[in-house]
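A.B. asks: Below is the file run-v3.txt, which contains compact mmCIF, C-alpha atoms.
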# COMPACT_ATOMS: atom_id res chain seq x y z
CA MET A 16 33.70 -62.72 35.07
CA SER A 17 30.56 -64.64 34.16
CA VAL A 18 28.93 -63.71 30.85
CA LYS A 19 26.15 -65.10 28.67
CA LEU A 20 27.11 -65.84 25.07
CA LEU A 21 24.59 -66.16 22.25
CA TYR A 22 25.15 -67.52 18.75
CA PHE A 23 22.88 -67.06 15.73
CA ALA A 24 22.44 -68.47 12.21
CA TRP A 25 25.52 -70.33 10.90
CA VAL A 26 27.60 -69.27 13.89
CA ARG A 27 25.07 -71.16 16.05
CA GLU A 28 25.14 -74.18 13.72
CA LYS A 29 28.94 -74.30 13.72
CA THR A 30 29.39 -73.94 17.48
CA GLY A 31 26.56 -76.43 17.98
CA ARG A 32 24.80 -74.30 20.59
CA GLY A 33 22.52 -71.27 20.78
CA GLU A 34 23.73 -69.99 24.12
CA GLU A 35 25.99 -70.72 27.05
CA THR A 36 27.33 -69.00 30.15
CA VAL A 37 31.11 -68.86 30.51
CA GLU A 38 33.63 -67.69 33.09
CA LEU A 39 36.12 -65.42 31.38
CA PRO A 40 39.73 -65.01 32.52
CA GLY A 41 40.79 -61.46 33.40
CA ASP A 42 42.96 -61.01 30.33
CA VAL A 43 39.97 -61.30 27.97
CA ARG A 44 39.16 -57.59 27.71
CA THR A 45 37.77 -56.95 24.21
CA VAL A 46 35.53 -58.68 21.68
CA SER A 47 38.68 -59.67 19.75
CA ASP A 48 40.21 -61.21 22.88
CA LEU A 49 37.00 -63.15 23.43
CA ILE A 50 36.97 -64.50 19.87
CA GLY A 51 40.59 -65.63 20.30
CA TRP A 52 39.72 -67.27 23.62
CA LEU A 53 36.70 -69.04 22.11
CA LYS A 54 38.71 -70.34 19.13
CA ALA A 55 41.06 -72.11 21.53
CA ARG A 56 38.14 -73.99 23.13
CA GLY A 57 37.71 -76.59 20.39
CA PRO A 58 37.43 -77.32 16.67
CA GLU A 59 33.74 -76.31 16.50
CA TYR A 60 34.61 -72.81 17.78
CA GLU A 61 37.62 -72.63 15.51
CA ALA A 62 35.35 -73.42 12.55
CA ALA A 63 32.69 -70.91 13.64
CA PHE A 64 35.19 -68.07 14.12
CA ASP A 65 37.53 -69.01 11.28
CA LYS A 66 36.68 -65.84 9.36
CA ALA A 67 36.53 -63.67 12.47
CA ASP A 68 36.47 -60.41 10.52
CA ILE A 69 33.04 -61.14 9.02
CA ILE A 70 31.45 -62.12 12.35
CA ARG A 71 29.28 -59.37 13.82
CA THR A 72 28.96 -58.80 17.55
CA ALA A 73 26.42 -57.23 19.87
CA VAL A 74 27.18 -56.41 23.50
CA ASP A 75 24.04 -56.18 25.63
CA GLN A 76 21.95 -56.03 22.44
CA THR A 77 23.84 -53.17 20.77
CA HIS A 78 26.06 -53.55 17.67
CA VAL A 79 29.76 -53.11 18.50
CA ASN A 80 33.18 -53.37 16.83
CA HIS A 81 35.69 -56.06 17.66
CA ASP A 82 37.93 -53.64 19.58
CA THR A 83 35.12 -52.81 22.02
CA SER A 84 35.71 -53.52 25.71
CA ILE A 85 33.57 -56.26 27.25
CA ALA A 86 34.37 -55.31 30.84
CA GLU A 87 30.74 -54.46 31.72
CA ALA A 88 29.08 -56.94 29.37
CA ARG A 89 26.37 -59.29 30.59
CA GLU A 90 25.27 -60.68 27.22
CA ILE A 91 27.44 -60.99 24.10
CA ALA A 92 26.04 -62.25 20.80
CA PHE A 93 27.93 -63.44 17.71
CA PHE A 94 26.28 -63.70 14.30
CA PRO A 95 26.83 -63.35 10.53
CA PRO A 96 26.00 -60.07 8.75
CA VAL A 97 22.23 -59.64 9.03
CA THR A 98 19.88 -60.51 6.14
CA GLY A 99 16.38 -59.45 7.18
CA GLY A 100 13.86 -57.40 5.26
CA MET B 19 5.37 -48.41 16.04
CA ILE B 20 7.14 -51.71 15.53
CA ARG B 21 6.02 -55.34 15.77
CA VAL B 22 7.95 -58.60 15.53
CA GLN B 23 5.72 -61.63 15.04
CA ASN B 24 5.48 -65.15 13.70
CA GLU B 25 2.02 -64.79 12.15
CA ASP B 26 1.13 -63.18 8.83
CA PHE B 27 -0.28 -59.64 8.61
CA ASP B 28 -3.07 -58.08 6.55
CA ILE B 29 -1.53 -55.22 4.58
CA GLY B 30 -4.84 -53.43 3.94
CA ALA B 31 -5.97 -53.72 7.56
CA GLU B 32 -2.63 -52.41 8.85
CA ILE B 33 -2.77 -49.36 6.57
CA GLU B 34 -6.38 -48.71 7.65
CA LYS B 35 -5.30 -48.77 11.32
CA VAL B 36 -2.55 -46.23 10.61
CA ARG B 37 -5.00 -43.76 9.07
CA ALA B 38 -8.08 -44.51 11.20
CA GLY B 39 -9.73 -41.34 12.54
CA ARG B 40 -7.03 -39.04 11.18
CA THR B 41 -7.43 -36.16 8.76
CA ASP B 42 -3.94 -34.67 9.04
CA ILE B 43 -2.35 -37.29 6.76
CA GLY B 44 -1.85 -36.40 3.11
CA ALA B 45 0.38 -39.27 1.99
CA ILE B 46 0.73 -42.92 2.95
CA VAL B 47 3.52 -45.09 1.58
CA SER B 48 3.75 -48.83 2.17
CA PHE B 49 6.45 -51.35 1.32
CA THR B 50 5.95 -55.11 1.54
CA GLY B 51 8.77 -57.62 1.33
CA THR B 52 7.78 -61.16 0.29
CA VAL B 53 9.43 -64.57 -0.10
CA ARG B 54 10.75 -65.22 -3.63
CA ASP B 55 10.53 -68.73 -5.09
CA THR B 56 14.08 -68.81 -6.47
CA ALA B 57 17.60 -68.02 -5.28
CA LYS B 58 20.66 -68.03 -7.56
CA GLY B 59 18.57 -69.81 -10.21
CA ALA B 60 17.44 -72.66 -7.92
CA PRO B 61 13.88 -73.16 -6.64
CA ILE B 62 13.12 -72.37 -3.00
CA SER B 63 10.60 -74.52 -1.14
CA GLU B 64 10.72 -72.64 2.18
CA MET B 65 12.52 -69.81 3.94
CA THR B 66 13.16 -69.54 7.67
CA LEU B 67 13.80 -66.21 9.39
CA GLU B 68 15.85 -66.47 12.57
CA HIS B 69 16.13 -63.44 14.85
CA TYR B 70 17.57 -62.23 18.14
CA PRO B 71 14.57 -61.78 20.46
CA GLY B 72 15.00 -58.62 22.50
CA MET B 73 17.63 -57.01 20.32
CA THR B 74 15.39 -57.20 17.25
CA GLU B 75 12.73 -55.07 18.96
CA LYS B 76 15.35 -52.65 20.34
CA GLU B 77 17.00 -52.21 16.96
CA LEU B 78 13.69 -51.68 15.13
CA GLU B 79 12.63 -49.12 17.79
CA ARG B 80 15.92 -47.32 17.29
CA ILE B 81 15.49 -47.22 13.50
CA ASP B 82 11.86 -46.11 13.79
CA LYS B 83 12.83 -43.32 16.17
CA LYS B 84 15.57 -42.19 13.80
CA ALA B 85 13.11 -41.98 10.89
CA ASN B 86 10.64 -40.00 13.00
CA SER B 87 13.29 -37.49 14.07
CA ARG B 88 14.45 -37.03 10.50
CA TRP B 89 11.13 -36.64 8.68
CA PRO B 90 7.82 -35.07 9.77
CA LEU B 91 5.82 -38.30 9.99
CA GLN B 92 2.27 -38.52 11.29
CA ALA B 93 2.72 -42.24 11.76
CA SER B 94 5.10 -45.08 11.01
CA LEU B 95 4.74 -48.82 11.29
CA VAL B 96 7.24 -51.65 10.87
CA ILE B 97 6.11 -55.28 11.08
CA HIS B 98 8.69 -58.03 10.60
CA ARG B 99 7.94 -61.75 10.74
CA TYR B 100 10.15 -64.63 11.88
CA GLY B 101 9.90 -68.41 11.55
CA PRO B 102 9.28 -70.63 8.51
CA MET B 103 7.56 -69.12 5.43
CA LYS B 104 6.58 -70.33 1.98
CA PRO B 105 7.24 -68.53 -1.31
CA GLY B 106 4.74 -65.71 -1.81
CA GLU B 107 4.25 -65.07 1.90
CA ASN B 108 4.77 -61.67 3.51
CA ILE B 109 8.01 -61.06 5.41
CA VAL B 110 8.03 -57.36 6.25
CA LEU B 111 5.74 -54.35 6.08
CA VAL B 112 6.74 -50.69 6.38
CA VAL B 113 4.06 -47.99 6.40
CA THR B 114 4.82 -44.28 6.65
CA ALA B 115 2.30 -41.46 6.76
CA SER B 116 3.02 -37.78 6.33
CA ALA B 117 1.39 -34.54 5.22
CA HIS B 118 3.21 -34.72 1.88
CA ARG B 119 4.53 -37.58 -0.23
CA GLN B 120 8.25 -36.84 -0.23
CA ALA B 121 8.72 -37.42 3.50
CA ALA B 122 6.63 -40.59 3.38
CA PHE B 123 8.55 -42.03 0.40
CA GLU B 124 11.96 -41.18 1.82
CA ALA B 125 11.22 -42.37 5.35
CA ALA B 126 9.90 -45.71 4.05
CA GLU B 127 13.08 -46.24 2.06
CA PHE B 128 15.24 -45.17 5.00
CA LEU B 129 13.44 -47.61 7.32
CA MET B 130 13.93 -50.50 4.90
CA ASP B 131 17.58 -49.67 4.22
CA TYR B 132 18.44 -49.47 7.92
CA LEU B 133 16.39 -52.53 8.77
CA LYS B 134 18.28 -54.52 6.11
CA THR B 135 21.70 -53.70 7.57
CA ASN B 136 20.94 -53.37 11.31
CA ALA B 137 18.01 -55.50 12.43
CA PRO B 138 19.25 -58.92 13.66
CA PHE B 139 17.42 -61.25 11.27
CA TRP B 140 18.94 -64.08 9.23
CA LYS B 141 17.35 -65.87 6.28
CA LYS B 142 17.87 -69.53 5.50
CA GLU B 143 16.53 -70.80 2.19
CA GLU B 144 15.54 -74.44 1.65
CA GLY B 145 16.32 -75.56 -1.88
CA PRO B 146 16.98 -78.83 -3.73
CA ARG B 147 20.41 -79.16 -2.10
CA GLY B 148 19.26 -78.44 1.46
CA GLY B 149 19.40 -75.28 3.55
CA ASP B 150 21.52 -72.26 2.65
CA TRP B 151 22.06 -69.13 4.73
CA VAL B 152 21.52 -66.05 2.61
CA ASP B 153 24.63 -63.87 2.22
CA ALA B 154 24.46 -60.20 3.09
CA ARG B 155 24.68 -57.91 0.05
CA GLU B 156 27.19 -55.14 -0.26
CA SER B 157 24.59 -53.10 -2.14
CA ASP B 158 22.49 -53.07 1.05
CA ASP B 159 25.40 -51.54 3.00
CA GLU B 160 25.80 -48.93 0.29
CA ALA B 161 22.08 -48.15 0.44
CA THR B 162 22.31 -47.45 4.17
CA LYS B 163 25.49 -45.39 3.83
CA ARG B 164 23.85 -42.89 1.51
CA TRP B 165 21.62 -41.77 4.41
CA GLN B 166 24.74 -41.03 6.45
CA LYS B 167 25.98 -38.37 4.01
CA PRO B 168 25.56 -34.72 4.99
CA ALA B 169 21.97 -33.53 5.18
CA LYS B 170 20.32 -32.50 1.93
CA ALA B 171 17.02 -30.95 0.90
CA ALA B 172 15.15 -33.87 2.49
CA GLU B 173 15.68 -32.45 5.95
Have the structure of the file written as structure tokens, please.
C.D. replies:
Amino acid sequence: MSVKLLYFAWVREKTGRGEETVELPGDVRTVSDLIGWLKARGPEYEAAFDKADIIRTAVDQTHVNHDTSIAEAREIAFFPPVTGG
Amino acid sequence: MIRVQNEDFDIGAEIEKVRAGRTDIGAIVSFTGTVRDTAKGAPISEMTLEHYPGMTEKELERIDKKANSRWPLQASLVIHRYGPMKPGENIVLVVTASAHRQAAFEAAEFLMDYLKTNAPFWKKEEGPRGGDWVDARESDDEATKRWQKPAKAAE
């Protein structure tokens, strides 16, 4: 499955990229699975997702929890808790 | 109505546009968020707002719709800026208009509380020791949660 990944704020700085398109293996089914898969890709991902529980996720531009399925996802974004306003 | 933009806004002109040609409005509330010149006791020279183009607009639309379904508003406006800003500059404007003040006050607060916890914006402050991402505040989460309690007199 091909999916677009986006990174914002310090997640972007730590991974060293704002976006990328990846081919996901079939056993990556949830946001949690994806975070685990990303962490195994290199030290920059491991650093970015070190505190995985504080990273927020949006699937196709809607906030989701880490146990959400990504089966139909086209765009998945990872970012710190938001600080606008 | 919502707007996400890099450029500054004129608070007075925006409020005038909301009320232009209308006589059914009895109360207009506005909130403006601005860049502070200090953070944790250290001076700030600049702040940069990063956002998630596309989702930002969607999320603000969602929040605006929620406010309009919850209170009888004649009009509502949310403008949020992104990009680099200097201390004293405007960041965000919320304007709510209603027949009576209570709905306008509450809806403005609701919009700001939800925006703070849901709209995908991130602040980075430039200080003497370089750039620092602003941490989210637990008190902001608590502020949003209070609107999720069972309906009260407000509705």
A.B. asks: Would you mind listing what lies within 7 Å of A:Gly33 as a PDB file with C-alpha atoms, in the frame of the given file, with all atoms listed in the file counted and same-chain residues fewer than 5 positions away left out?
C.D. replies:
ATOM      1  CA  LEU A  21      24.590 -66.160  22.250  1.00  0.00           C
ATOM      2  CA  TYR A  22      25.150 -67.520  18.750  1.00  0.00           C
ATOM      3  CA  PHE A  23      22.880 -67.060  15.730  1.00  0.00           C
ATOM      4  CA  ARG A  27      25.070 -71.160  16.050  1.00  0.00           C
TER       5      ARG A  27
END
A.B. asks: Find the nearest atom pair between each residue of chain A and chain B for residues within 8 Å, count all atoms listed in the file, give distances in Å to one decimal, sort rows by chain and ascending number, and present the table as CSV.
C.D. replies:
residue,atom,partner,partner_atom,distance
A:Phe23,CA,B:Tyr70,CA,7.6
A:Ala24,CA,B:Trp140,CA,6.4
A:Trp25,CA,B:Trp151,CA,7.2
A:Gln76,CA,B:Met73,CA,4.9
A:Thr77,CA,B:Met73,CA,7.3
A:Pro96,CA,B:Ala154,CA,5.9
A:Val97,CA,B:Trp140,CA,5.5
A:Thr98,CA,B:Trp140,CA,4.8
A:Gly99,CA,B:Phe139,CA,4.6
A:Gly100,CA,B:Lys134,CA,5.3
A.B. asks: Find the residues near A:Ala88: any atom within 9 Å, counting all atoms listed in the file, skip ones fewer than 2 places away on the same chain, and give them as an MDAnalysis selection string.
C.D. replies: chainID A and resid 18:19 74:75 84:86 90:91
A.B. asks: Only C-alpha atoms, please: the residues just picked out, written as a compact mmCIF listing (two decimals), in the coordinates of the input.
C.D. replies:
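The file below, selection-v4.txt, is the result:
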# COMPACT_ATOMS: atom_id res chain seq x y z
CA VAL A 18 28.93 -63.71 30.85
CA LYS A 19 26.15 -65.10 28.67
CA VAL A 74 27.18 -56.41 23.50
CA ASP A 75 24.04 -56.18 25.63
CA SER A 84 35.71 -53.52 25.71
CA ILE A 85 33.57 -56.26 27.25
CA ALA A 86 34.37 -55.31 30.84
CA GLU A 90 25.27 -60.68 27.22
CA ILE A 91 27.44 -60.99 24.10
A.B. asks: Just to confirm, what's the straight-line distance from atom CA of B:Met65 to atom CA of A:Phe94 in Å (one decimal)?
C.D. replies: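 Between atom CA of B:Met65 and atom CA of A:Phe94 the gap is 18.3 Å.
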A.B. asks: Identify which of the residues B:Glu143, B:Glu64, B:Glu160, B:Glu127 lies closest to B:Val113, counting all atoms listed in the file when measuring atom-to-atom distances.
C.D. replies: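 Going through B:Glu143, B:Glu64, B:Glu160, B:Glu127 one by one, the smallest distance to B:Val113 is for B:Glu127.
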A.B. asks: Go ahead and compute the interatomic distance for atom CA of B:Ala161 and atom CA of B:Ala45, in Å to one decimal.
C.D. replies: 23.5 Å
A.B. asks: Could you jot down the atom CA of B:Ser94 to atom CA of B:Glu34 separation for me, Å, one decimal place?
C.D. replies: 12.5 Å
A.B. asks: Do you know which residues are at most 9 Å from stretch 54-70 of chain A counting only C-alpha atoms, after dropping those on the same chain fewer than 4 positions away, and could you put them as an MDAnalysis selection string?
C.D. replies: chainID A and resid 25:31 47 49:50 81 93:96
A.B. asks: Can you list, as number ranges by chain, every protein, DNA or RNA residue that comes within 7 Å of B:Leu91 when you count only C-alpha atoms, leaving out same-chain residues fewer than 5 positions away?
C.D. replies: B: 86, 114-116
